[in-house]
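Just entry_27.txt here, compact mmCIF, C-alpha atoms:
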# COMPACT_ATOMS: atom_id res chain seq x y z
CA MET M 22 29.39 -11.12 20.16
CA THR M 23 33.00 -10.65 19.38
CA SER M 24 32.33 -7.12 18.15
CA ALA M 25 30.49 -6.27 21.41
CA SER M 26 33.40 -7.46 23.50
CA PHE M 27 35.89 -5.80 21.10
CA HIS M 28 34.41 -2.27 21.35
CA PRO M 29 34.50 -1.90 25.12
CA ALA M 30 38.19 -2.83 25.13
CA ALA M 31 38.95 -0.41 22.27
CA GLY M 32 36.72 2.36 23.72
CA PRO M 33 38.64 3.06 26.92
CA ALA M 34 42.00 2.84 25.14
CA ARG M 35 40.84 5.37 22.55
CA ARG M 36 39.41 7.65 25.24
CA THR M 37 42.66 7.39 27.17
CA VAL M 38 44.68 8.38 24.10
CA VAL M 39 42.40 11.31 23.27
CA ALA M 40 42.38 12.51 26.90
CA ALA M 41 46.16 12.24 27.14
CA ALA M 42 46.61 14.22 23.91
CA GLY M 43 44.21 16.88 25.18
CA ALA M 44 46.00 17.07 28.51
CA ALA M 45 49.38 17.39 26.78
CA GLY M 46 48.06 20.23 24.61
CA LEU M 47 46.56 22.01 27.60
CA THR M 48 49.83 21.63 29.51
CA ALA M 49 51.76 23.17 26.59
CA VAL M 50 49.35 26.11 26.37
CA LEU M 51 49.47 26.74 30.10
CA ALA M 52 53.26 26.51 30.15
CA ALA M 53 53.50 29.01 27.28
CA CYS M 54 51.11 31.41 29.00
CA SER M 55 52.81 31.23 32.36
CA GLY M 56 56.24 31.52 30.77
CA SER M 57 55.36 34.76 29.00
CA ASP M 58 54.01 36.29 32.19
CA ASP M 59 57.19 35.38 34.05
CA ASP M 60 59.38 36.70 31.22
CA ALA M 61 57.44 39.94 30.99
CA SER M 62 57.81 40.67 34.69
CA ALA M 63 61.51 39.83 34.56
CA ASP M 64 62.05 42.10 31.54
CA THR M 65 59.94 45.09 32.48
CA GLY M 66 60.18 45.06 36.26
CA THR M 67 57.33 46.23 38.44
CA ALA M 68 57.96 49.97 38.67
CA PRO M 69 55.94 52.07 36.21
CA SER M 70 59.07 53.95 35.12
CA ASP M 71 60.78 50.67 34.23
CA ALA M 72 57.78 49.58 32.16
CA ALA M 73 57.66 52.92 30.37
CA SER M 74 61.36 52.65 29.58
CA GLN M 75 60.91 49.16 28.16
CA GLU M 76 57.89 50.22 26.11
CA ALA M 77 60.02 52.93 24.57
CA GLY M 78 62.39 50.20 23.43
CA SER M 79 65.38 51.18 25.53
CA SER M 80 67.36 49.81 28.37
CA GLY M 81 70.21 51.84 29.74
CA SER M 82 72.06 49.70 32.23
CA GLY M 83 70.50 46.27 31.78
CA GLY M 84 71.70 45.06 35.18
CA GLY M 85 70.11 41.71 35.99
CA GLU M 86 67.61 41.94 33.15
CA ASN M 87 69.45 39.41 30.93
CA ALA M 88 67.73 36.53 32.68
CA GLY M 89 64.79 36.72 30.24
CA ALA M 90 66.77 38.09 27.28
CA GLY M 91 67.42 36.22 24.09
CA PRO M 92 70.74 35.71 22.32
CA ALA M 93 72.99 38.70 21.65
CA LEU M 94 71.75 40.80 18.74
CA ALA M 95 74.71 43.16 18.48
CA ALA M 96 77.55 44.76 20.33
CA THR M 97 76.96 48.36 21.39
CA ALA M 98 79.95 49.31 19.19
CA ASP M 99 78.02 48.00 16.14
CA ILE M 100 75.39 50.74 16.51
CA PRO M 101 76.67 54.18 15.46
CA GLU M 102 75.85 57.16 17.66
CA GLY M 103 73.16 59.24 15.92
CA GLY M 104 72.37 56.30 13.65
CA GLY M 105 71.41 52.67 13.77
CA LYS M 106 71.47 49.28 12.15
CA VAL M 107 68.73 47.14 10.59
CA PHE M 108 68.65 43.42 11.48
CA PRO M 109 66.45 41.96 8.71
CA ASP M 110 66.42 38.38 10.04
CA GLN M 111 65.04 39.55 13.39
CA LYS M 112 62.86 42.25 11.75
CA VAL M 113 64.21 44.87 14.12
CA VAL M 114 66.17 48.10 13.83
CA VAL M 115 68.38 49.25 16.71
CA THR M 116 69.34 52.91 17.06
CA GLN M 117 71.59 55.01 19.29
CA PRO M 118 70.07 58.52 19.33
CA ALA M 119 72.58 59.73 21.94
CA ALA M 120 75.74 58.21 23.39
CA GLY M 121 74.86 55.10 25.40
CA GLU M 122 71.10 55.37 24.68
CA PHE M 123 69.82 52.43 22.63
CA LYS M 124 66.34 52.05 21.16
CA ALA M 125 64.78 49.29 19.08
CA PHE M 126 61.81 49.32 16.73
CA SER M 127 60.04 46.98 14.37
CA ALA M 128 61.72 46.98 10.95
CA THR M 129 58.32 46.68 9.26
CA CYS M 130 57.03 49.96 7.84
CA THR M 131 53.58 50.92 9.06
CA HIS M 132 52.53 52.08 5.58
CA GLN M 133 52.36 48.84 3.58
CA GLY M 134 54.54 46.43 5.51
CA CYS M 135 57.80 46.84 3.57
CA ALA M 136 61.04 46.27 5.45
CA VAL M 137 62.98 49.39 6.39
CA LYS M 138 66.46 49.22 4.89
CA SER M 139 68.72 51.92 6.32
CA VAL M 140 69.35 54.47 9.02
CA ALA M 141 70.87 57.82 8.02
CA ASP M 142 70.70 61.46 9.12
CA GLY M 143 68.71 60.64 12.26
CA VAL M 144 65.96 58.73 10.47
CA ILE M 145 65.03 55.13 9.71
CA ASN M 146 64.25 54.85 5.99
CA CYS M 147 61.74 52.69 4.14
CA PRO M 148 62.63 52.41 0.44
CA CYS M 149 59.15 51.40 -0.80
CA HIS M 150 57.38 54.77 -0.51
CA ASN M 151 60.00 56.91 1.24
CA SER M 152 58.55 56.86 4.74
CA ASN M 153 61.01 58.05 7.39
CA PHE M 154 60.92 57.45 11.14
CA SER M 155 62.73 59.07 14.07
CA ILE M 156 65.63 57.11 15.57
CA THR M 157 64.59 58.45 18.99
CA ASP M 158 60.97 57.34 19.24
CA GLY M 159 60.00 55.75 15.91
CA SER M 160 57.62 58.61 15.07
CA VAL M 161 56.82 59.39 11.44
CA GLN M 162 59.14 62.07 10.05
CA GLY M 163 57.97 61.94 6.43
CA GLY M 164 56.21 59.90 3.79
CA PRO M 165 52.87 58.13 3.75
CA ALA M 166 53.32 56.01 6.91
CA PRO M 167 50.24 56.50 9.10
CA LYS M 168 51.79 55.72 12.48
CA PRO M 169 55.15 55.26 14.25
CA LEU M 170 57.25 52.13 14.16
CA PRO M 171 56.33 50.00 17.19
CA ALA M 172 59.00 49.81 19.89
CA VAL M 173 60.75 46.48 20.45
CA GLN M 174 62.05 45.60 23.89
CA ILE M 175 65.81 45.19 24.24
CA THR M 176 68.23 44.86 27.10
CA VAL M 177 71.73 46.32 27.18
CA SER M 178 74.30 44.80 29.49
CA GLY M 179 77.92 45.78 29.21
CA ASP M 180 78.61 45.92 25.48
CA SER M 181 75.86 43.46 24.50
CA ILE M 182 72.43 44.30 23.08
CA ARG M 183 69.81 41.55 23.30
CA LEU M 184 66.20 41.24 22.29
CA ALA M 185 64.13 40.96 25.47
CA GLY M 186 62.80 37.49 26.17
Turn the structure described in the file into structure tokens.
Amino acid sequence: MTSASFHPAAGPARRTVVAAAGAAGLTAVLAACSGSDDDASADTGTAPSDAASQEAGSSGSGGGENAGAGPALAATADIPEGGGKVFPDQKVVVTQPAAGEFKAFSATCTHQGCAVKSVADGVINCPCHNSNFSITDGSVQGGPAPKPLPAVQITVSGDSIRLAG
């Protein structure tokens, strides 16, 4: 009889623990989902032209867009006009095709996933199989890469370049 009276007391406690763990996990998932929606609307705005600009990886003025931006990636002075800089830890390359125009792309080559290493003569270079990509739009300029480098969203405010939230 002791086991019969022991199980009902243990049953609800176990159910409570399992339910609480499930609720905590669901809360975390919902918070993550709702946070990304809020961040995306703060970063891209609601106008189609703003979204297109962000998809291209650029942000001219930045304005109030830093609310959802991450820590500073670089100063605008760090990115040479007509060139760029690779940030291997963040797996991103930032370029400045024209004065004051900043773009960002994935630093992972679309051919076999090697990291691009340099920016020179208007192209982003992958050393593995010599694929080259445009600093303006990430399009393939040479080599075996099958598609452009994906754009990465950035914000520019003053002299600071940040990865978008």
Can you work out which one of M:Val177, M:Ile145, M:Val161, M:Val137 has the shortest atom-to-atom distance to M:Gly104, counting all atoms listed in the file?
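Comparing M:Val177, M:Ile145, M:Val161, M:Val137 against M:Gly104, the winner is M:Ile145.
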Surrounding residues of M:Cys149 excluding itself and chain neighbours under 6 positions, 12 Å, all atoms listed in the file, as a PDB file with C-alpha atoms, in the frame of the given file:
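And here's result_36.pdb as it stands now:
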ATOM      1  CA  THR M 129      58.320  46.680   9.260  1.00  0.00           C
ATOM      2  CA  CYS M 130      57.030  49.960   7.840  1.00  0.00           C
ATOM      3  CA  THR M 131      53.580  50.920   9.060  1.00  0.00           C
ATOM      4  CA  HIS M 132      52.530  52.080   5.580  1.00  0.00           C
ATOM      5  CA  GLN M 133      52.360  48.840   3.580  1.00  0.00           C
ATOM      6  CA  GLY M 134      54.540  46.430   5.510  1.00  0.00           C
ATOM      7  CA  CYS M 135      57.800  46.840   3.570  1.00  0.00           C
ATOM      8  CA  ALA M 136      61.040  46.270   5.450  1.00  0.00           C
ATOM      9  CA  VAL M 137      62.980  49.390   6.390  1.00  0.00           C
ATOM     10  CA  LYS M 138      66.460  49.220   4.890  1.00  0.00           C
ATOM     11  CA  SER M 139      68.720  51.920   6.320  1.00  0.00           C
ATOM     12  CA  GLY M 164      56.210  59.900   3.790  1.00  0.00           C
ATOM     13  CA  PRO M 165      52.870  58.130   3.750  1.00  0.00           C
ATOM     14  CA  ALA M 166      53.320  56.010   6.910  1.00  0.00           C
TER      15      ALA M 166
END
I'd like the interatomic distance between atom CA of M:Gln111 and atom CA of M:Ala128, to a tenth of an Å.
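Between atom CA of M:Gln111 and atom CA of M:Ala128 the gap works out to 8.5 Å.
Between M:Ser160 and the residues M:Thr97, M:Gln117, M:Thr176, M:Ser127, the shortest atom-to-atom distance, using only C-alpha atoms, involves M:Ser127.
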With distances taken over all atoms listed in the file, which of M:Lys112, M:Ala93, M:Gln174, M:Ala125 is nearest to M:Thr157?
M:Ala125
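Atom pair atom CA of M:Ser181 / atom CA of M:Ala98 has a distance of 8.9 Å (rounded to one decimal).
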To one decimal place, how far is atom CA of M:Val115 from atom CA of M:Gly186 in Å?
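It comes out at 16.1 Å.
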Quick one: of M:Val144, M:Ile175, M:Ile182, M:Ala119, who's nearest to M:Gln162, counting all atoms listed in the file?
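Closest residue, counting all atoms listed in the file: M:Val144.
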